[in-house]
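Below: the structure, in structure tokens.
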2 protein chains.
Amino acid sequence: MGAGTLIRPRQQGRVATRRKADQLLEAAAAIIAEKGFEATAIRDVGRRLEVSLGGMYYYFASKDDLLFQIQFRTFGALLAEQEKVVERPGNAEDRLRGLLIGHLAFFAAHPNEMKICTFELESLKEDFYDRVLTIRRKYYRLMEDAIADLTGDRDRRAKSADRTRHVTLFVFGMLNWAFMWYKSGKDGPVEAVAAEMMDLLLHGARKRRDAR
Amino acid sequence: MGAGTLIRPRQQGRVATRRKADQLLEAAAAIIAEKGFEATAIRDVGRRLEVSLGGMYYYFASKDDLLFQIQFRTFGALLAEQEKVVERPGNAEDRLRGLLIGHLAFFAAHPNEMKICTFELESLKEDFYDRVLTIRRKYYRLMEDAIADLTGDRDRRAKSADRTRHVTLFVFGMLNWAFMWYKSGKDGPVEAVAAEMMDLLLHGARKRRDAR
DNA sequence: ATGAATTTCGAACGCTCGTTCGAAATCGAC
DNA sequence: GTCGATTTCGAACGAGCGTTCGAAATTCAT
């Protein structure tokens, strides 16, 4: 009501239009990742793909909507990929290793979008914030379950639940901090980094006698 | 030159003035931590302590200067405290444990300022950015040395240097991610969290047989 | 080719922001 | 109490922002 026949052209509309919206979303992610959400002007996003300021409002309902689309789609895609990972056959160690690799690989493939998910979560307005948080919580549980299987604290009661929670948050810390330093040239493939992380979780950080 | 007799009243000036500047810095940190640097208006910072907008510019040269002061002083204080920690007698394990506790304790004591150091580092202009980065690098080395002593890779050459670097970055990830979840009521004292972190670094995350 | 739906544009509005500046008020030493 | 230095204020400026809107241009099925 009030907005007339305004529709969200992201879901319906011509294929070419949806494609252009995707391009705009990608360009926006690059600029927001570099300068921050508040410091980013919709004008500048449009300019990068030669879309006028007014034209931007055909693709996005508002600046907040733009930020929401980036975070919702990005985290949704990450969750979907990782849900496939945990369904693969293997033991607890294999599952967790797969999640670590999957997270870092997604990170390396979409650095701008993931940086935004980390930095600009709290820039989302109430409604948008809640919808993104729902996905994030699902993803958290995915990781926590895999870690609980590894540590042997699968039952969610008693003291072990707090321990598992903290270990999970430690793991997320390691993973999400990667955007501060990870460069594929300098640090090798994500599989190698994930292996080091897994090694830490299995045996600690001290140098061990056995070479395997 | 050009600004006449304008001086930075933070270093010199009356004691009461320095105190007020400190209060303003603290109030600014609270607002910036909540809404982000770009979204924070100098007007609002002044309003919280009943200082007019024009008055704010007696205490700070610019909005960028305000952000710099917060980060420079905060990280400088953290570095100073931690340098005292590593000078205490004890073995490698004791030193690293002390650093973990020290970092988390400082974090718990100055959550707003530390959140800003994490989120708004890249909001600093070139000159300010470099000065803050210098401190951060010193602090990084402090942590890396302690970790290298623990893992036994003290020599800075060969393959082990990369491994130590990654472990150090993992530790910083765990530590700096804490602002996303740590609540002293829910998660216990920082010493307990640091102990769990230390346990992970020493033995990994799997449940062990020996209870100590 | 025609007409309806989709897409694009450009100008304008209202608002908020950082910064400047000169005068007024306050303070501290003598 | 006087005087100079320090501190505070209020108004104003100019720039940039998100958003709106109606008209023009384009596209596509028929």
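Ligands are numbered from 1 in the order shown, residues from 1 within each chain, and chains are lettered A, B, ... in the order they appear in the structure tokens.
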Can you tell me which residues surround DA12 of chain C at a distance of at most 12 Å, considering only C-alpha atoms (C1' of nucleotides), apart from same-chain residues fewer than 4 positions away, and format the answer as a PDB file with N, CA and C atoms (P, O5', C5', C4', C3', O3' and C1' of nucleotides), in the first residue's frame?
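Final file, around_4.pdb:
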ATOM      1  N   GLY A  54      18.735   7.255 -10.327  1.00  0.00           N
ATOM      2  CA  GLY A  54      17.325   6.867 -10.332  1.00  0.00           C
ATOM      3  C   GLY A  54      17.137   5.425 -10.779  1.00  0.00           C
TER       4      GLY A  54
ATOM      5  P    DT D  19      17.217   4.831   0.938  1.00  0.00           P
ATOM      6  O5'  DT D  19      16.130   5.764   0.218  1.00  0.00           O
ATOM      7  C5'  DT D  19      15.505   6.795   0.973  1.00  0.00           C
ATOM      8  C4'  DT D  19      14.674   7.680   0.072  1.00  0.00           C
ATOM      9  C3'  DT D  19      13.805   6.931  -0.946  1.00  0.00           C
ATOM     10  O3'  DT D  19      12.436   7.046  -0.561  1.00  0.00           O
ATOM     11  C1'  DT D  19      14.826   8.884  -1.872  1.00  0.00           C
ATOM     12  P    DT D  20      11.301   6.364  -1.454  1.00  0.00           P
ATOM     13  O5'  DT D  20      10.818   7.583  -2.354  1.00  0.00           O
ATOM     14  C5'  DT D  20      10.638   8.865  -1.750  1.00  0.00           C
ATOM     15  C4'  DT D  20      10.135   9.852  -2.794  1.00  0.00           C
ATOM     16  C3'  DT D  20       9.098   9.280  -3.767  1.00  0.00           C
ATOM     17  O3'  DT D  20       7.979  10.154  -3.814  1.00  0.00           O
ATOM     18  C1'  DT D  20      10.887  10.299  -4.955  1.00  0.00           C
ATOM     19  P    DC D  21       6.601   9.654  -4.456  1.00  0.00           P
ATOM     20  O5'  DC D  21       6.665  10.330  -5.903  1.00  0.00           O
ATOM     21  C5'  DC D  21       7.262  11.618  -6.039  1.00  0.00           C
ATOM     22  C4'  DC D  21       7.344  11.991  -7.516  1.00  0.00           C
ATOM     23  C3'  DC D  21       6.404  11.190  -8.421  1.00  0.00           C
ATOM     24  O3'  DC D  21       5.717  12.059  -9.278  1.00  0.00           O
ATOM     25  C1'  DC D  21       8.619  11.068  -9.233  1.00  0.00           C
ATOM     26  P    DG D  22       4.231  11.608  -9.824  1.00  0.00           P
ATOM     27  O5'  DG D  22       4.290  12.196 -11.293  1.00  0.00           O
ATOM     28  C5'  DG D  22       4.963  13.444 -11.522  1.00  0.00           C
ATOM     29  C4'  DG D  22       5.664  13.396 -12.855  1.00  0.00           C
ATOM     30  C3'  DG D  22       4.855  12.727 -13.976  1.00  0.00           C
ATOM     31  O3'  DG D  22       4.999  13.460 -15.178  1.00  0.00           O
ATOM     32  C1'  DG D  22       6.939  11.662 -13.764  1.00  0.00           C
TER      33       DG D  22
END
Exercise for the section: Just the residues within 10 Å of Leu142 of chain B, please, counting only C-alpha atoms (C1' of nucleotides), with nothing from its chain fewer than 4 positions along; format it as JSON, numbers by chain. Expected result: {"B": [79, 82, 83, 86, 96, 99, 136, 137, 138, 146, 147]}
Same residues, C-alpha atoms, output as a short mmCIF file (atom, residue, chain, number, x, y, z; two decimals), in the first residue's frame:
data_model
loop_
_atom_site.label_atom_id
_atom_site.label_comp_id
_atom_site.auth_asym_id
_atom_site.auth_seq_id
_atom_site.Cartn_x
_atom_site.Cartn_y
_atom_site.Cartn_z
CA LEU B 79 50.85 -3.27 24.07
CA GLN B 82 51.36 -7.12 27.51
CA GLU B 83 55.01 -6.16 27.36
CA VAL B 86 56.02 -11.34 28.88
CA LEU B 96 51.48 -17.46 26.36
CA LEU B 99 49.16 -13.09 27.04
CA ARG B 136 49.79 -3.45 15.89
CA ARG B 137 52.85 -5.00 14.28
CA LYS B 138 54.79 -4.77 17.53
CA ALA B 146 55.45 -16.43 22.58
CA ILE B 147 53.79 -18.95 20.28
#
Handout entry: Residues of chain C within 8 Å of chain A, only C-alpha atoms (C1' of nucleotides) counted, as a PyMOL selection string
Key = chain C and resi 8-10
Keeping only C-alpha atoms (C1' of nucleotides), write those residues as a compact mmCIF listing (two decimals), in the first residue's frame.
# COMPACT_ATOMS: atom_id res chain seq x y z
C1' DT C 8 16.07 4.22 -17.80
C1' DC C 9 16.82 8.75 -16.84
C1' DG C 10 17.49 13.45 -14.74
Contact residues (chain A, partner chain B, 10 Å, only C-alpha atoms) as a PDB file with N, CA and C atoms, in the first residue's frame:
ATOM      1  N   GLU A  34      35.245  -2.389   0.385  1.00  0.00           N
ATOM      2  CA  GLU A  34      36.416  -1.510   0.434  1.00  0.00           C
ATOM      3  C   GLU A  34      36.201  -0.300   1.351  1.00  0.00           C
ATOM      4  N   LYS A  35      35.038   0.310   1.234  1.00  0.00           N
ATOM      5  CA  LYS A  35      34.833   1.567   1.947  1.00  0.00           C
ATOM      6  C   LYS A  35      33.880   1.482   3.123  1.00  0.00           C
ATOM      7  N   GLY A  36      33.194   0.370   3.276  1.00  0.00           N
ATOM      8  CA  GLY A  36      32.195   0.253   4.328  1.00  0.00           C
ATOM      9  C   GLY A  36      30.819   0.639   3.824  1.00  0.00           C
ATOM     10  N   PHE A  37      29.797   0.144   4.493  1.00  0.00           N
ATOM     11  CA  PHE A  37      28.439   0.347   4.012  1.00  0.00           C
ATOM     12  C   PHE A  37      28.008   1.813   4.086  1.00  0.00           C
ATOM     13  N   GLU A  38      28.216   2.418   5.228  1.00  0.00           N
ATOM     14  CA  GLU A  38      27.778   3.804   5.414  1.00  0.00           C
ATOM     15  C   GLU A  38      28.495   4.748   4.461  1.00  0.00           C
ATOM     16  N   ALA A  39      29.764   4.463   4.226  1.00  0.00           N
ATOM     17  CA  ALA A  39      30.572   5.355   3.387  1.00  0.00           C
ATOM     18  C   ALA A  39      30.330   5.124   1.900  1.00  0.00           C
ATOM     19  N   THR A  40      29.570   4.109   1.581  1.00  0.00           N
ATOM     20  CA  THR A  40      29.304   3.803   0.171  1.00  0.00           C
ATOM     21  C   THR A  40      28.045   4.520  -0.299  1.00  0.00           C
ATOM     22  N   THR A 118      30.718 -10.258   7.666  1.00  0.00           N
ATOM     23  CA  THR A 118      31.388 -10.159   8.959  1.00  0.00           C
ATOM     24  C   THR A 118      31.301  -8.748   9.529  1.00  0.00           C
ATOM     25  N   PHE A 119      31.553  -7.763   8.698  1.00  0.00           N
ATOM     26  CA  PHE A 119      31.658  -6.382   9.184  1.00  0.00           C
ATOM     27  C   PHE A 119      30.324  -5.670   9.305  1.00  0.00           C
ATOM     28  N   GLU A 120      29.418  -5.955   8.426  1.00  0.00           N
ATOM     29  CA  GLU A 120      28.212  -5.132   8.331  1.00  0.00           C
ATOM     30  C   GLU A 120      26.948  -5.840   8.791  1.00  0.00           C
ATOM     31  N   GLU A 122      25.678  -5.836  11.722  1.00  0.00           N
ATOM     32  CA  GLU A 122      24.899  -4.960  12.601  1.00  0.00           C
ATOM     33  C   GLU A 122      24.397  -3.707  11.902  1.00  0.00           C
ATOM     34  N   SER A 123      24.780  -3.536  10.644  1.00  0.00           N
ATOM     35  CA  SER A 123      24.233  -2.412   9.873  1.00  0.00           C
ATOM     36  C   SER A 123      22.843  -2.724   9.325  1.00  0.00           C
ATOM     37  N   ILE A 147      31.672 -30.355  15.328  1.00  0.00           N
ATOM     38  CA  ILE A 147      32.705 -30.268  16.358  1.00  0.00           C
ATOM     39  C   ILE A 147      32.366 -31.152  17.548  1.00  0.00           C
ATOM     40  N   ALA A 148      31.095 -31.169  17.920  1.00  0.00           N
ATOM     41  CA  ALA A 148      30.671 -32.018  19.033  1.00  0.00           C
ATOM     42  C   ALA A 148      30.939 -33.485  18.717  1.00  0.00           C
ATOM     43  N   ASP A 149      30.725 -33.884  17.478  1.00  0.00           N
ATOM     44  CA  ASP A 149      31.018 -35.259  17.082  1.00  0.00           C
ATOM     45  C   ASP A 149      32.500 -35.578  17.229  1.00  0.00           C
ATOM     46  N   LEU A 150      33.312 -34.606  16.905  1.00  0.00           N
ATOM     47  CA  LEU A 150      34.761 -34.825  16.986  1.00  0.00           C
ATOM     48  C   LEU A 150      35.235 -34.895  18.437  1.00  0.00           C
ATOM     49  N   THR A 151      34.773 -33.954  19.256  1.00  0.00           N
ATOM     50  CA  THR A 151      35.251 -33.909  20.636  1.00  0.00           C
ATOM     51  C   THR A 151      34.608 -34.986  21.492  1.00  0.00           C
ATOM     52  N   GLY A 152      33.494 -35.546  21.023  1.00  0.00           N
ATOM     53  CA  GLY A 152      32.821 -36.588  21.776  1.00  0.00           C
ATOM     54  C   GLY A 152      31.814 -36.059  22.778  1.00  0.00           C
ATOM     55  N   ASP A 153      31.382 -34.810  22.580  1.00  0.00           N
ATOM     56  CA  ASP A 153      30.384 -34.205  23.481  1.00  0.00           C
ATOM     57  C   ASP A 153      29.058 -34.047  22.761  1.00  0.00           C
ATOM     58  N   SER A 160      29.646 -30.154  29.310  1.00  0.00           N
ATOM     59  CA  SER A 160      30.349 -30.284  28.038  1.00  0.00           C
ATOM     60  C   SER A 160      29.770 -29.365  26.969  1.00  0.00           C
ATOM     61  N   ASP A 162      28.932 -26.199  27.200  1.00  0.00           N
ATOM     62  CA  ASP A 162      29.651 -24.923  27.226  1.00  0.00           C
ATOM     63  C   ASP A 162      31.017 -25.047  26.578  1.00  0.00           C
ATOM     64  N   ARG A 163      31.680 -26.166  26.834  1.00  0.00           N
ATOM     65  CA  ARG A 163      32.989 -26.379  26.255  1.00  0.00           C
ATOM     66  C   ARG A 163      32.894 -26.463  24.727  1.00  0.00           C
ATOM     67  N   THR A 164      31.933 -27.233  24.280  1.00  0.00           N
ATOM     68  CA  THR A 164      31.739 -27.359  22.832  1.00  0.00           C
ATOM     69  C   THR A 164      31.397 -26.010  22.209  1.00  0.00           C
ATOM     70  N   ARG A 165      30.573 -25.259  22.899  1.00  0.00           N
ATOM     71  CA  ARG A 165      30.214 -23.929  22.398  1.00  0.00           C
ATOM     72  C   ARG A 165      31.453 -23.070  22.226  1.00  0.00           C
ATOM     73  N   HIS A 166      32.311 -23.080  23.215  1.00  0.00           N
ATOM     74  CA  HIS A 166      33.518 -22.258  23.134  1.00  0.00           C
ATOM     75  C   HIS A 166      34.452 -22.731  22.030  1.00  0.00           C
ATOM     76  N   VAL A 167      34.619 -24.026  21.921  1.00  0.00           N
ATOM     77  CA  VAL A 167      35.481 -24.534  20.844  1.00  0.00           C
ATOM     78  C   VAL A 167      34.916 -24.118  19.486  1.00  0.00           C
ATOM     79  N   THR A 168      33.614 -24.208  19.356  1.00  0.00           N
ATOM     80  CA  THR A 168      32.984 -23.793  18.096  1.00  0.00           C
ATOM     81  C   THR A 168      33.259 -22.326  17.812  1.00  0.00           C
ATOM     82  N   LEU A 169      33.139 -21.504  18.830  1.00  0.00           N
ATOM     83  CA  LEU A 169      33.387 -20.075  18.638  1.00  0.00           C
ATOM     84  C   LEU A 169      34.858 -19.815  18.350  1.00  0.00           C
ATOM     85  N   PHE A 170      35.730 -20.614  18.932  1.00  0.00           N
ATOM     86  CA  PHE A 170      37.153 -20.497  18.589  1.00  0.00           C
ATOM     87  C   PHE A 170      37.357 -20.793  17.102  1.00  0.00           C
ATOM     88  N   VAL A 171      36.707 -21.838  16.643  1.00  0.00           N
ATOM     89  CA  VAL A 171      36.859 -22.227  15.235  1.00  0.00           C
ATOM     90  C   VAL A 171      36.326 -21.131  14.313  1.00  0.00           C
ATOM     91  N   PHE A 172      35.164 -20.600  14.649  1.00  0.00           N
ATOM     92  CA  PHE A 172      34.628 -19.499  13.836  1.00  0.00           C
ATOM     93  C   PHE A 172      35.565 -18.299  13.853  1.00  0.00           C
ATOM     94  N   GLY A 173      36.173 -18.059  14.995  1.00  0.00           N
ATOM     95  CA  GLY A 173      37.140 -16.975  15.077  1.00  0.00           C
ATOM     96  C   GLY A 173      38.295 -17.184  14.110  1.00  0.00           C
ATOM     97  N   MET A 174      38.838 -18.379  14.139  1.00  0.00           N
ATOM     98  CA  MET A 174      39.949 -18.678  13.216  1.00  0.00           C
ATOM     99  C   MET A 174      39.508 -18.510  11.775  1.00  0.00           C
ATOM    100  N   LEU A 175      38.341 -19.037  11.448  1.00  0.00           N
ATOM    101  CA  LEU A 175      37.859 -18.991  10.064  1.00  0.00           C
ATOM    102  C   LEU A 175      37.567 -17.556   9.622  1.00  0.00           C
ATOM    103  N   ASN A 176      36.848 -16.830  10.435  1.00  0.00           N
ATOM    104  CA  ASN A 176      36.388 -15.511   9.999  1.00  0.00           C
ATOM    105  C   ASN A 176      37.480 -14.452  10.063  1.00  0.00           C
ATOM    106  N   TRP A 177      38.508 -14.733  10.825  1.00  0.00           N
ATOM    107  CA  TRP A 177      39.613 -13.782  10.884  1.00  0.00           C
ATOM    108  C   TRP A 177      40.510 -13.882   9.648  1.00  0.00           C
ATOM    109  N   ALA A 178      40.279 -14.926   8.868  1.00  0.00           N
ATOM    110  CA  ALA A 178      41.144 -15.191   7.714  1.00  0.00           C
ATOM    111  C   ALA A 178      41.150 -14.031   6.724  1.00  0.00           C
ATOM    112  N   MET A 180      41.532 -11.154   7.208  1.00  0.00           N
ATOM    113  CA  MET A 180      42.518 -10.149   7.582  1.00  0.00           C
ATOM    114  C   MET A 180      43.898 -10.483   7.022  1.00  0.00           C
ATOM    115  N   TRP A 181      44.121 -11.724   6.613  1.00  0.00           N
ATOM    116  CA  TRP A 181      45.480 -12.091   6.231  1.00  0.00           C
ATOM    117  C   TRP A 181      45.582 -13.030   5.037  1.00  0.00           C
ATOM    118  N   TYR A 182      44.560 -13.833   4.777  1.00  0.00           N
ATOM    119  CA  TYR A 182      44.728 -14.874   3.767  1.00  0.00           C
ATOM    120  C   TYR A 182      44.918 -14.325   2.344  1.00  0.00           C
ATOM    121  N   LYS A 186      50.464 -16.255  -0.977  1.00  0.00           N
ATOM    122  CA  LYS A 186      51.374 -16.331   0.172  1.00  0.00           C
ATOM    123  C   LYS A 186      51.089 -17.527   1.081  1.00  0.00           C
ATOM    124  N   ASP A 187      49.817 -17.855   1.247  1.00  0.00           N
ATOM    125  CA  ASP A 187      49.446 -18.843   2.253  1.00  0.00           C
ATOM    126  C   ASP A 187      49.090 -20.207   1.687  1.00  0.00           C
ATOM    127  N   VAL A 193      45.615 -24.664   4.485  1.00  0.00           N
ATOM    128  CA  VAL A 193      45.290 -23.913   5.695  1.00  0.00           C
ATOM    129  C   VAL A 193      44.298 -24.697   6.550  1.00  0.00           C
ATOM    130  N   GLU A 196      46.073 -27.339   8.464  1.00  0.00           N
ATOM    131  CA  GLU A 196      46.759 -26.831   9.658  1.00  0.00           C
ATOM    132  C   GLU A 196      45.769 -26.593  10.796  1.00  0.00           C
ATOM    133  N   MET A 197      44.625 -26.073  10.422  1.00  0.00           N
ATOM    134  CA  MET A 197      43.590 -25.819  11.428  1.00  0.00           C
ATOM    135  C   MET A 197      43.117 -27.131  12.037  1.00  0.00           C
ATOM    136  N   MET A 198      42.929 -28.104  11.185  1.00  0.00           N
ATOM    137  CA  MET A 198      42.481 -29.418  11.646  1.00  0.00           C
ATOM    138  C   MET A 198      43.532 -30.047  12.548  1.00  0.00           C
ATOM    139  N   ASP A 199      44.782 -29.880  12.185  1.00  0.00           N
ATOM    140  CA  ASP A 199      45.876 -30.411  12.982  1.00  0.00           C
ATOM    141  C   ASP A 199      45.874 -29.797  14.378  1.00  0.00           C
ATOM    142  N   LEU A 200      45.628 -28.498  14.418  1.00  0.00           N
ATOM    143  CA  LEU A 200      45.542 -27.828  15.715  1.00  0.00           C
ATOM    144  C   LEU A 200      44.403 -28.402  16.552  1.00  0.00           C
ATOM    145  N   LEU A 201      43.278 -28.633  15.920  1.00  0.00           N
ATOM    146  CA  LEU A 201      42.119 -29.152  16.654  1.00  0.00           C
ATOM    147  C   LEU A 201      42.343 -30.593  17.120  1.00  0.00           C
ATOM    148  N   LEU A 202      43.146 -31.342  16.386  1.00  0.00           N
ATOM    149  CA  LEU A 202      43.349 -32.744  16.741  1.00  0.00           C
ATOM    150  C   LEU A 202      44.474 -32.921  17.761  1.00  0.00           C
ATOM    151  N   HIS A 203      45.552 -32.161  17.579  1.00  0.00           N
ATOM    152  CA  HIS A 203      46.746 -32.446  18.395  1.00  0.00           C
ATOM    153  C   HIS A 203      47.319 -31.246  19.134  1.00  0.00           C
ATOM    154  N   GLY A 204      46.783 -30.076  18.939  1.00  0.00           N
ATOM    155  CA  GLY A 204      47.375 -28.894  19.551  1.00  0.00           C
ATOM    156  C   GLY A 204      48.436 -28.294  18.657  1.00  0.00           C
ATOM    157  N   ALA A 205      49.118 -27.285  19.170  1.00  0.00           N
ATOM    158  CA  ALA A 205      50.041 -26.513  18.337  1.00  0.00           C
ATOM    159  C   ALA A 205      51.508 -26.862  18.570  1.00  0.00           C
ATOM    160  N   ARG A 206      51.789 -27.660  19.596  1.00  0.00           N
ATOM    161  CA  ARG A 206      53.186 -27.983  19.856  1.00  0.00           C
ATOM    162  C   ARG A 206      53.733 -28.936  18.811  1.00  0.00           C
ATOM    163  N   LYS A 207      55.006 -28.804  18.556  1.00  0.00           N
ATOM    164  CA  LYS A 207      55.644 -29.685  17.576  1.00  0.00           C
ATOM    165  C   LYS A 207      55.608 -31.106  18.105  1.00  0.00           C
ATOM    166  N   ARG A 208      55.196 -32.010  17.246  1.00  0.00           N
ATOM    167  CA  ARG A 208      55.072 -33.399  17.688  1.00  0.00           C
ATOM    168  C   ARG A 208      56.250 -34.239  17.173  1.00  0.00           C
TER     169      ARG A 208
END
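The residue that comes closest to DT20 of chain C, out of B:Asp44, B:Tyr57, B:Phe72, B:Pro111 and on the basis of only C-alpha atoms (C1' of nucleotides), is B:Tyr57.
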Problem - chain A contacts to chain D at 9 Å (only C-alpha atoms (C1' of nucleotides)) as a list in words - result: Ala41, Ile42, Tyr57, Ser62 and Lys63 of chain A
Could you write those residues out with C-alpha atoms, as an mmCIF file, in the first residue's frame?
data_model
loop_
_atom_site.group_PDB
_atom_site.id
_atom_site.type_symbol
_atom_site.label_atom_id
_atom_site.label_comp_id
_atom_site.auth_asym_id
_atom_site.auth_seq_id
_atom_site.Cartn_x
_atom_site.Cartn_y
_atom_site.Cartn_z
ATOM 1 C CA ALA A 41 27.005 5.889 -2.021
ATOM 2 C CA ILE A 42 24.395 4.267 -4.212
ATOM 3 C CA TYR A 57 15.932 2.272 -7.453
ATOM 4 C CA SER A 62 16.475 0.957 -0.736
ATOM 5 C CA LYS A 63 20.091 1.048 0.290
#
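Here atom CA of Gly102 of chain A is placed at a distance of 15.5 Å from atom CA of Arg141 of chain A.
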Practice task
Determine which residues of segment 1-92 of chain B DSSP labels as alpha helix (DSSP H) from the backbone of this structure, then write them out as a PyMOL selection string.
Solution key: chain B and resi 15-35+42-48+53-59+63-86+92
Can you spit out the residues from that selection as a compact mmCIF listing (two decimals), in the first residue's frame, using C-alpha atoms?
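Output saved as selection_32.txt:
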# COMPACT_ATOMS: atom_id res chain seq x y z
CA VAL B 15 44.41 19.00 33.79
CA ALA B 16 40.65 19.46 33.79
CA THR B 17 40.75 19.92 30.04
CA ARG B 18 42.67 16.71 29.51
CA ARG B 19 40.19 14.93 31.71
CA LYS B 20 37.26 16.21 29.71
CA ALA B 21 38.95 15.12 26.51
CA ASP B 22 39.31 11.65 27.99
CA GLN B 23 35.64 11.57 28.86
CA LEU B 24 34.73 12.68 25.35
CA LEU B 25 36.96 9.96 23.94
CA GLU B 26 35.20 7.39 26.08
CA ALA B 27 31.75 8.61 25.08
CA ALA B 28 32.79 8.64 21.44
CA ALA B 29 34.00 5.05 21.73
CA ALA B 30 30.64 3.95 23.10
CA ILE B 31 28.72 5.55 20.25
CA ILE B 32 31.13 4.49 17.51
CA ALA B 33 31.16 0.92 18.82
CA GLU B 34 27.39 0.86 18.62
CA LYS B 35 26.70 2.63 15.35
CA ILE B 42 30.33 14.47 16.25
CA ARG B 43 27.23 16.35 17.33
CA ASP B 44 25.92 13.28 19.12
CA VAL B 45 29.18 12.65 20.93
CA GLY B 46 29.20 16.19 22.26
CA ARG B 47 25.56 16.04 23.21
CA ARG B 48 26.17 13.08 25.53
CA LEU B 53 29.34 21.05 18.34
CA GLY B 54 31.78 23.92 18.03
CA GLY B 55 33.23 23.00 21.39
CA MET B 56 34.16 19.55 20.15
CA TYR B 57 36.62 21.13 17.78
CA TYR B 58 38.52 22.59 20.66
CA TYR B 59 39.32 19.07 21.84
CA LYS B 63 36.57 13.50 13.22
CA ASP B 64 39.44 11.42 11.87
CA ASP B 65 41.63 12.62 14.71
CA LEU B 66 39.04 11.40 17.16
CA LEU B 67 39.07 7.90 15.69
CA PHE B 68 42.84 7.90 15.65
CA GLN B 69 43.10 8.93 19.28
CA ILE B 70 40.85 6.05 20.31
CA GLN B 71 42.78 3.42 18.39
CA PHE B 72 46.25 4.75 19.11
CA ARG B 73 45.72 5.08 22.84
CA THR B 74 43.86 1.80 23.19
CA PHE B 75 46.33 -0.35 21.31
CA GLY B 76 49.23 1.48 22.89
CA ALA B 77 47.90 0.70 26.35
CA LEU B 78 47.32 -2.94 25.42
CA LEU B 79 50.85 -3.27 24.07
CA ALA B 80 52.33 -1.67 27.19
CA GLU B 81 50.43 -4.04 29.47
CA GLN B 82 51.36 -7.12 27.51
CA GLU B 83 55.01 -6.16 27.36
CA LYS B 84 54.97 -6.29 31.12
CA VAL B 85 53.32 -9.71 31.00
CA VAL B 86 56.02 -11.34 28.88
CA ALA B 92 56.88 -20.49 27.35
